[in-house]
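The structure appears below as structure tokens.
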Amino acid sequence: MPTLVMKFGGTSVANIDRIHRAAKRVAVEVAKGYDVIVIVSAMSGKTNELVGWVNETSPLYDAREYDAVVASGENVTAGLMALRLQEMDIPARSWQGWQVPVLTTSAHSSARIEDIPSENITRKFGEGMKVAVVAGFQGLSPEGRITTLGRGGSDTTAVAFAAAFGAERCDIYTDVDGVYTTDPRICDKARKLDKIAFEEMLELASLGAKVLQTRSVELAMRYKVRLRVLSSFEEQSDEAGTLVCDEEEIMENNVVSGVAYSRDEAKMTLISVADRPGIAGKIFVPLAEAGVNVDMIVQNISEDGRTDMTFSCPVDQVIRAKKALEEAHARGDINFSELVTDDGVCKVSVVGIGMRSHTGVAAKMFEALAAEGVNIKVISTSEIKVSVLIDRKYMELAVQALHDAFELEKVA
Ligand code: ASP
Ligand code: MG
């Protein structure tokens, strides 16, 4: 039997009625002859509540117990989904991560999946089970403890199962009907894409598009898992949603496929640091050790052996970053005259594999922003994206202007 993985996010299993609706979708695929692996999230809001309870009980919590608590939301929905399917006379049972087992590293709250031995579930399919309902987001460490994969991690569970079982496809059911050229809440011209290449989706996810966890796209790209993002709130055909696939499968392509944004960024500048070999390491090692996710980095031209170093990071990491840099300054590891923070910036990016073969994308982007009077503070580029840091208050305007400039409402 061909295998299909179907993942239902938190809003798709938010209450008993929605679980019922999701189960009906599963029944449709079972009727087509698939062995189905269903991956469920916790009911929407549940994981936040559990995280809140942990923080309230123990602010400097033991990460192993954090995982034991926050993994529980998925246990509930897995059991309920299996019960619902049984009520529909579909042979189904639930599996918690450790029962499969989903073997992970021991990095609690951000564990990585190392292996998913398929024997247990395969044997059950052989015995007539039609649906394996698996609690997403969780696994088992080598020490025998429950782990979780990081927020949004059940997407990654789903892709990992699709890879491990050689599934025909991995369908991600969510509350939007696919991947859009940009966020439709910001830009009403946003258009749903029928297909998007793995690499573009990876950039969009890591640049702030919330539809898929970045790790899940990385895995899908590595194992060539065809991923489909679609809504659990609409009747679905086989062509519904957006297919995330190999770029060879995409015939026509806009040069730019999407505009992504990340609202809450900060820019920090160390003024007048000594410009000598090793100084960048002395700045960024303590930041990394403090868990600061540094994104863009710019170093100015040196004058009289001194330079300014600017970087960006998420706004909620500014306090940690400041502390790490001030401590390094106090130790004498680095020496700067001032640390300037701008916590009112956002990042806006344009993404597209077409950029590899087309020039002028950055120029067009800068012109479009200039026409709206938006000042660019930092620029960074890769092979398939251009990102700028701008004042947060211009974010919506910038997204709309770029969507217009690259005519993303039109199909290539
Ligand atoms: N329930 C987890 C979260 O809210 C995992 C997931 O839904 O993907 O982050
Ligand atoms: Mg999610």
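Going by the structure tokens order, chains are called A, B, ..., each with residues numbered from 1, while ligands are numbered from 1 in the order shown.
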| task | Pick out the residues sitting within 6 Å of region 27-34 of chain A, and hand them over as a count of residues only; count only C-alpha atoms, and ignore anything fewer than 4 positions along from it in its own chain. | result | 3
| query | region 11-195 of chain A: which residues are helix (DSSP H, G or I) by DSSP, as a PyMOL selection string? | reply | chain A and resi 11-13+16-31+46-57+63-70+72-87+97-99+119-126+154-164
Please produce, as a Markdown table, a per-residue contact table for region 291-358 of chain A versus region 185-206 of chain A (criterion: any atom at most 7 Å away, only C-alpha atoms considered), showing the nearest atom pair and its distance in Å to one decimal, sorted by chain then residue number.
| residue | atom | partner | partner_atom | distance |
| --- | --- | --- | --- | --- |
| A:Val351 | CA | A:Glu200 | CA | 6.4 |
| A:Gly352 | CA | A:Glu200 | CA | 6.0 |
| A:Ile353 | CA | A:Glu200 | CA | 6.6 |
| request: Using only C-alpha atoms and all ligand atoms, find each protein or nucleic acid residue lying at most 7 Å from ligand 2; present the set as a list in words. | output: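 With only C-alpha atoms and all ligand atoms and a cut-off of 7 Å, ligand 2 is contacted by Gly9, Gly152, Asp155, Val211, Leu212 and Gln213 of chain A.
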If you keep all heavy atoms, can you produce a file of those selected residues as a PDB file, in the first residue's frame?
ATOM      1  N   GLY A   9      -2.397  20.809  11.991  1.00  0.00           N
ATOM      2  CA  GLY A   9      -1.891  21.810  12.927  1.00  0.00           C
ATOM      3  C   GLY A   9      -2.903  22.130  14.016  1.00  0.00           C
ATOM      4  O   GLY A   9      -4.044  21.643  13.992  1.00  0.00           O
ATOM      5  N   GLY A 152       6.546  24.694  16.745  1.00  0.00           N
ATOM      6  CA  GLY A 152       6.221  24.402  15.345  1.00  0.00           C
ATOM      7  C   GLY A 152       6.758  23.064  14.875  1.00  0.00           C
ATOM      8  O   GLY A 152       6.691  22.730  13.694  1.00  0.00           O
ATOM      9  N   ASP A 155       5.534  19.970  12.231  1.00  0.00           N
ATOM     10  CA  ASP A 155       5.813  19.958  10.784  1.00  0.00           C
ATOM     11  C   ASP A 155       7.017  19.055  10.507  1.00  0.00           C
ATOM     12  O   ASP A 155       7.028  18.279   9.541  1.00  0.00           O
ATOM     13  CB  ASP A 155       6.173  21.370  10.277  1.00  0.00           C
ATOM     14  CG  ASP A 155       4.998  22.333  10.331  1.00  0.00           C
ATOM     15  OD1 ASP A 155       3.844  21.871  10.327  1.00  0.00           O
ATOM     16  OD2 ASP A 155       5.247  23.557  10.378  1.00  0.00           O
ATOM     17  N   VAL A 211       4.338  29.761   7.860  1.00  0.00           N
ATOM     18  CA  VAL A 211       3.499  28.622   7.486  1.00  0.00           C
ATOM     19  C   VAL A 211       4.134  27.255   7.755  1.00  0.00           C
ATOM     20  O   VAL A 211       3.439  26.306   8.101  1.00  0.00           O
ATOM     21  CB  VAL A 211       2.974  28.790   6.037  1.00  0.00           C
ATOM     22  CG1 VAL A 211       4.094  28.844   5.052  1.00  0.00           C
ATOM     23  CG2 VAL A 211       1.989  27.726   5.655  1.00  0.00           C
ATOM     24  N   LEU A 212       5.450  27.144   7.645  1.00  0.00           N
ATOM     25  CA  LEU A 212       6.121  25.865   7.928  1.00  0.00           C
ATOM     26  C   LEU A 212       7.344  26.093   8.810  1.00  0.00           C
ATOM     27  O   LEU A 212       8.037  27.091   8.652  1.00  0.00           O
ATOM     28  CB  LEU A 212       6.608  25.224   6.622  1.00  0.00           C
ATOM     29  CG  LEU A 212       5.564  24.636   5.674  1.00  0.00           C
ATOM     30  CD1 LEU A 212       6.224  24.276   4.345  1.00  0.00           C
ATOM     31  CD2 LEU A 212       4.917  23.400   6.284  1.00  0.00           C
ATOM     32  N   GLN A 213       7.614  25.145   9.706  1.00  0.00           N
ATOM     33  CA  GLN A 213       8.837  25.269  10.506  1.00  0.00           C
ATOM     34  C   GLN A 213      10.043  25.110   9.569  1.00  0.00           C
ATOM     35  O   GLN A 213      10.061  24.223   8.702  1.00  0.00           O
ATOM     36  CB  GLN A 213       8.870  24.190  11.605  1.00  0.00           C
ATOM     37  CG  GLN A 213       9.861  24.539  12.711  1.00  0.00           C
ATOM     38  CD  GLN A 213      10.320  23.343  13.544  1.00  0.00           C
ATOM     39  OE1 GLN A 213      10.382  22.215  13.067  1.00  0.00           O
ATOM     40  NE2 GLN A 213      10.673  23.594  14.786  1.00  0.00           N
TER      41      GLN A 213
END
| Which residues in region 306-391 of chain A does DSSP call strand (DSSP E or B)? List them as a PyMOL selection string. | chain A and resi 306-314+338-351+378-382+385-391
Give me the residues of chain A that have any atom at most 10 Å from an atom of ligand 1; for each, the nearest atom pair and the distance in Å, rounded to one decimal. Use only C-alpha atoms and all ligand atoms, sort by chain and number, and format it as a tab-separated table.
residue	atom	partner	partner_atom_place_in_ligand_line	distance
A:Lys7	CA	ligand 1	8 (O)	9.5
A:Phe8	CA	ligand 1	7 (O)	8.6
A:Gly9	CA	ligand 1	7 (O)	5.7
A:Gly10	CA	ligand 1	7 (O)	5.6
A:Thr11	CA	ligand 1	7 (O)	9.1
A:Ile39	CA	ligand 1	8 (O)	9.7
A:Val40	CA	ligand 1	7 (O)	7.7
A:Ser41	CA	ligand 1	7 (O)	4.3
A:Ala42	CA	ligand 1	1 (N)	4.6
A:Met43	CA	ligand 1	1 (N)	7.4
A:Ser44	CA	ligand 1	4 (O)	7.0
A:Gly45	CA	ligand 1	4 (O)	7.2
A:Lys46	CA	ligand 1	1 (N)	7.2
A:Thr47	CA	ligand 1	4 (O)	4.9
A:Asn48	CA	ligand 1	4 (O)	6.7
A:Glu49	CA	ligand 1	4 (O)	9.7
A:Leu50	CA	ligand 1	1 (N)	9.8
A:Val51	CA	ligand 1	4 (O)	9.6
A:Val70	CA	ligand 1	1 (N)	7.9
A:Ala71	CA	ligand 1	1 (N)	7.7
A:Ser72	CA	ligand 1	1 (N)	9.2
A:Gly73	CA	ligand 1	1 (N)	6.8
A:Glu74	CA	ligand 1	1 (N)	6.6
A:Ala135	CA	ligand 1	1 (N)	9.5
A:Gly136	CA	ligand 1	5 (C)	6.7
A:Phe137	CA	ligand 1	5 (C)	5.1
A:Gln138	CA	ligand 1	5 (C)	8.5
A:Thr148	CA	ligand 1	5 (C)	8.4
A:Leu149	CA	ligand 1	5 (C)	7.8
A:Gly150	CA	ligand 1	9 (O)	6.5
A:Arg151	CA	ligand 1	9 (O)	3.3
A:Gly152	CA	ligand 1	8 (O)	3.2
A:Gly153	CA	ligand 1	8 (O)	4.2
A:Ser154	CA	ligand 1	8 (O)	3.8
A:Asp155	CA	ligand 1	8 (O)	5.7
A:Thr156	CA	ligand 1	8 (O)	7.9
A:Thr157	CA	ligand 1	8 (O)	8.5
A:Ala158	CA	ligand 1	8 (O)	9.6
A:Leu212	CA	ligand 1	8 (O)	8.9
A:Gln213	CA	ligand 1	8 (O)	7.7
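Compared by their closest atoms to Arg112 (chain A), and using only C-alpha atoms, the residues A:Ala160, A:Ile334, A:Val133, A:Met6 rank with A:Ala160 nearest.
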| said: For a quick check of understanding, using only C-alpha atoms, which of A:Ser231, A:Gln299, A:Thr269, A:Asn254 has the smallest distance to Asp342 (chain A)? | reply: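 The answer is A:Thr269, which sits nearest to Asp342 (chain A).
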| A:Ser357, A:Ser94, A:Ile37, A:Gly178: which is nearest Phe161 (chain A), counting only C-alpha atoms? |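 Smallest separation from Phe161 (chain A) among the options: A:Ile37.
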| When distances are computed from only C-alpha atoms, which of A:Met296, A:Ser312, A:Glu127, A:Ser232 shows the smallest separation from His20 (chain A)? | A:Ser232
List the spatial neighbours of region 113-116 of chain A as a compact mmCIF listing (two decimals) with N, CA and C atoms, in the first residue's frame - criterion: any atom at most 12 Å away, only C-alpha atoms, same-chain residues fewer than 2 positions off excluded.
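Resulting contents of part.txt:
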# COMPACT_ATOMS: atom_id res chain seq x y z
N GLY A 97 5.55 9.74 20.79
CA GLY A 97 6.87 9.69 20.15
C GLY A 97 7.73 8.53 20.63
N TRP A 98 7.78 8.32 21.96
CA TRP A 98 8.65 7.28 22.51
C TRP A 98 8.20 5.89 22.13
N GLN A 99 6.92 5.73 21.77
CA GLN A 99 6.42 4.40 21.44
C GLN A 99 6.81 3.97 20.04
N VAL A 100 7.07 4.95 19.16
CA VAL A 100 7.33 4.58 17.76
C VAL A 100 8.61 3.77 17.61
N PRO A 101 9.79 4.12 18.10
CA PRO A 101 10.14 5.38 18.74
C PRO A 101 10.73 6.40 17.76
N VAL A 102 10.47 7.69 18.06
CA VAL A 102 11.11 8.78 17.33
C VAL A 102 12.39 9.11 18.11
N LEU A 103 13.52 8.67 17.60
CA LEU A 103 14.78 8.83 18.34
C LEU A 103 15.39 10.19 18.03
N THR A 104 15.69 10.95 19.07
CA THR A 104 16.21 12.31 18.88
C THR A 104 17.52 12.49 19.64
N THR A 105 18.13 13.64 19.42
CA THR A 105 19.27 14.05 20.25
C THR A 105 18.75 14.43 21.63
N SER A 106 19.65 14.72 22.55
CA SER A 106 19.17 15.10 23.89
C SER A 106 19.09 16.61 24.09
N ALA A 107 19.10 17.38 23.01
CA ALA A 107 18.99 18.84 23.13
C ALA A 107 17.54 19.20 23.47
N HIS A 108 17.22 19.19 24.77
CA HIS A 108 15.83 19.40 25.18
C HIS A 108 15.29 20.73 24.70
N SER A 110 14.80 21.64 21.80
CA SER A 110 15.14 21.88 20.40
C SER A 110 15.86 20.65 19.83
N ALA A 111 15.35 19.49 20.19
CA ALA A 111 15.99 18.22 19.78
C ALA A 111 15.84 18.01 18.28
N SER A 118 10.97 2.05 11.49
CA SER A 118 9.59 1.97 11.00
C SER A 118 8.90 0.64 11.34
N GLU A 119 9.64 -0.30 11.96
CA GLU A 119 9.10 -1.67 12.13
C GLU A 119 7.76 -1.72 12.85
N ASN A 120 7.65 -1.03 13.98
CA ASN A 120 6.44 -1.16 14.80
C ASN A 120 5.19 -0.76 14.03
N ILE A 121 5.27 0.40 13.39
CA ILE A 121 4.09 0.89 12.68
C ILE A 121 3.83 0.05 11.44
N THR A 122 4.89 -0.33 10.73
CA THR A 122 4.72 -1.15 9.53
C THR A 122 4.05 -2.48 9.87
N GLY A 136 2.80 14.66 17.25
CA GLY A 136 3.91 15.40 16.67
C GLY A 136 4.78 16.04 17.73
N PHE A 137 5.92 16.62 17.29
CA PHE A 137 6.66 17.56 18.14
C PHE A 137 7.51 16.89 19.21
N GLN A 138 7.41 15.54 19.37
CA GLN A 138 8.07 14.91 20.51
C GLN A 138 8.88 13.70 20.11
N GLY A 139 9.84 13.35 20.96
CA GLY A 139 10.65 12.16 20.72
C GLY A 139 11.27 11.65 22.00
N LEU A 140 12.27 10.81 21.81
CA LEU A 140 12.92 10.11 22.93
C LEU A 140 14.42 10.34 22.82
N SER A 141 15.05 10.77 23.93
CA SER A 141 16.49 11.02 23.90
C SER A 141 17.24 9.72 24.17
N PRO A 142 18.55 9.69 23.88
CA PRO A 142 19.33 8.49 24.19
C PRO A 142 19.28 8.15 25.68
N THR A 147 11.68 14.27 24.68
CA THR A 147 12.23 15.52 24.13
C THR A 147 11.16 16.21 23.28
N THR A 148 11.35 17.51 23.02
CA THR A 148 10.51 18.18 22.02
C THR A 148 11.42 18.85 20.98
N LEU A 149 10.82 19.14 19.83
CA LEU A 149 11.61 19.54 18.65
C LEU A 149 11.66 21.05 18.43
N GLY A 150 11.18 21.85 19.37
CA GLY A 150 11.11 23.30 19.14
C GLY A 150 9.74 23.67 18.64
N GLY A 153 7.29 22.27 15.82
CA GLY A 153 8.05 21.07 15.46
C GLY A 153 7.24 19.92 14.87
N SER A 154 5.92 19.97 14.96
CA SER A 154 5.20 18.83 14.39
C SER A 154 5.26 18.83 12.86
N THR A 156 8.03 19.21 11.35
CA THR A 156 9.25 18.42 11.17
C THR A 156 8.98 16.95 11.43
N THR A 157 8.17 16.65 12.44
CA THR A 157 7.78 15.25 12.67
C THR A 157 7.16 14.69 11.39
N ALA A 158 6.25 15.45 10.80
CA ALA A 158 5.53 14.97 9.62
C ALA A 158 6.49 14.66 8.46
N VAL A 159 7.39 15.58 8.18
CA VAL A 159 8.32 15.38 7.06
C VAL A 159 9.25 14.20 7.36
N ALA A 160 9.68 14.08 8.62
CA ALA A 160 10.57 12.98 8.98
C ALA A 160 9.87 11.63 8.79
N PHE A 161 8.60 11.55 9.13
CA PHE A 161 7.85 10.31 8.90
C PHE A 161 7.69 10.04 7.41
N ALA A 162 7.43 11.09 6.64
CA ALA A 162 7.27 10.90 5.20
C ALA A 162 8.56 10.34 4.61
N ALA A 163 9.71 10.85 5.09
CA ALA A 163 11.00 10.35 4.60
C ALA A 163 11.22 8.91 5.07
N ALA A 164 10.95 8.65 6.34
CA ALA A 164 11.23 7.32 6.90
C ALA A 164 10.36 6.24 6.27
N PHE A 165 9.13 6.59 5.90
CA PHE A 165 8.21 5.59 5.34
C PHE A 165 8.10 5.68 3.82
N GLY A 166 8.92 6.51 3.21
CA GLY A 166 8.86 6.65 1.75
C GLY A 166 7.47 7.05 1.27
N ARG A 215 13.01 23.91 9.89
CA ARG A 215 13.65 22.59 9.91
C ARG A 215 12.90 21.59 9.02
N SER A 216 11.58 21.73 8.98
CA SER A 216 10.81 20.76 8.20
C SER A 216 11.10 20.94 6.72
N LEU A 219 14.52 19.41 5.92
CA LEU A 219 14.41 17.95 5.82
C LEU A 219 13.75 17.53 4.51
| request: Go through A:Ser262, A:Asn293, A:Ser237, A:Ser302 and flag the residue nearest Gln317 (chain A), using only C-alpha atoms for the distances. | output: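 Nearest to Gln317 (chain A): A:Asn293.
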| Which residues, written as a ChimeraX atom specification, have at least one atom at most 10 Å from Thr381 (chain A), with only C-alpha atoms counted and residues fewer than 5 positions away on the same chain left out? | /A:296,349-351,362,386-388
Those same residues - N, CA, C and O atoms - I'd like them written as a JSON list (two decimals), in the first residue's frame.
[["chain", "number", "residue", "atom", "x", "y", "z"],
["A", 296, "MET", "N", 22.11, 39.73, 10.23],
["A", 296, "MET", "CA", 22.97, 40.48, 9.31],
["A", 296, "MET", "C", 24.17, 41.04, 10.07],
["A", 296, "MET", "O", 24.05, 41.40, 11.23],
["A", 349, "SER", "N", 12.37, 41.06, 2.90],
["A", 349, "SER", "CA", 13.21, 40.33, 1.95],
["A", 349, "SER", "C", 12.43, 39.94, 0.70],
["A", 349, "SER", "O", 11.24, 39.64, 0.79],
["A", 350, "VAL", "N", 13.11, 39.93, -0.42],
["A", 350, "VAL", "CA", 12.53, 39.33, -1.63],
["A", 350, "VAL", "C", 13.30, 38.06, -1.94],
["A", 350, "VAL", "O", 14.52, 38.01, -1.78],
["A", 351, "VAL", "N", 12.56, 37.02, -2.36],
["A", 351, "VAL", "CA", 13.14, 35.69, -2.55],
["A", 351, "VAL", "C", 12.75, 35.14, -3.91],
["A", 351, "VAL", "O", 11.60, 35.30, -4.33],
["A", 362, "ALA", "N", 18.16, 43.48, -6.94],
["A", 362, "ALA", "CA", 18.46, 44.36, -5.81],
["A", 362, "ALA", "C", 18.19, 45.82, -6.20],
["A", 362, "ALA", "O", 17.55, 46.56, -5.45],
["A", 386, "VAL", "N", 17.33, 38.99, -1.34],
["A", 386, "VAL", "CA", 17.91, 40.27, -0.90],
["A", 386, "VAL", "C", 17.09, 40.71, 0.30],
["A", 386, "VAL", "O", 15.85, 40.73, 0.24],
["A", 387, "SER", "N", 17.75, 41.03, 1.39],
["A", 387, "SER", "CA", 17.06, 41.48, 2.61],
["A", 387, "SER", "C", 17.52, 42.87, 2.97],
["A", 387, "SER", "O", 18.69, 43.22, 2.79],
["A", 388, "VAL", "N", 16.58, 43.67, 3.49],
["A", 388, "VAL", "CA", 16.94, 44.99, 4.01],
["A", 388, "VAL", "C", 16.35, 45.17, 5.39],
["A", 388, "VAL", "O", 15.29, 44.61, 5.72]]
| task | Can you work out which one of A:Lys130, A:Arg64, A:Ala23, A:Leu83 has the shortest atom-to-atom distance to Asp35 (chain A), counting only C-alpha atoms? | result |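 Result for the nearest residue to Asp35 (chain A): A:Lys130.
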| query | Can you tell me, as JSON, numbers by chain, what residues are no more than 12 Å from Ile319 (chain A) when counting only C-alpha atoms, ignoring any on the same chain fewer than 3 positions away? | reply | {"A": [266, 268, 287, 290, 291, 292, 313, 314, 315, 316, 322, 323, 324, 325, 326, 341, 343]}
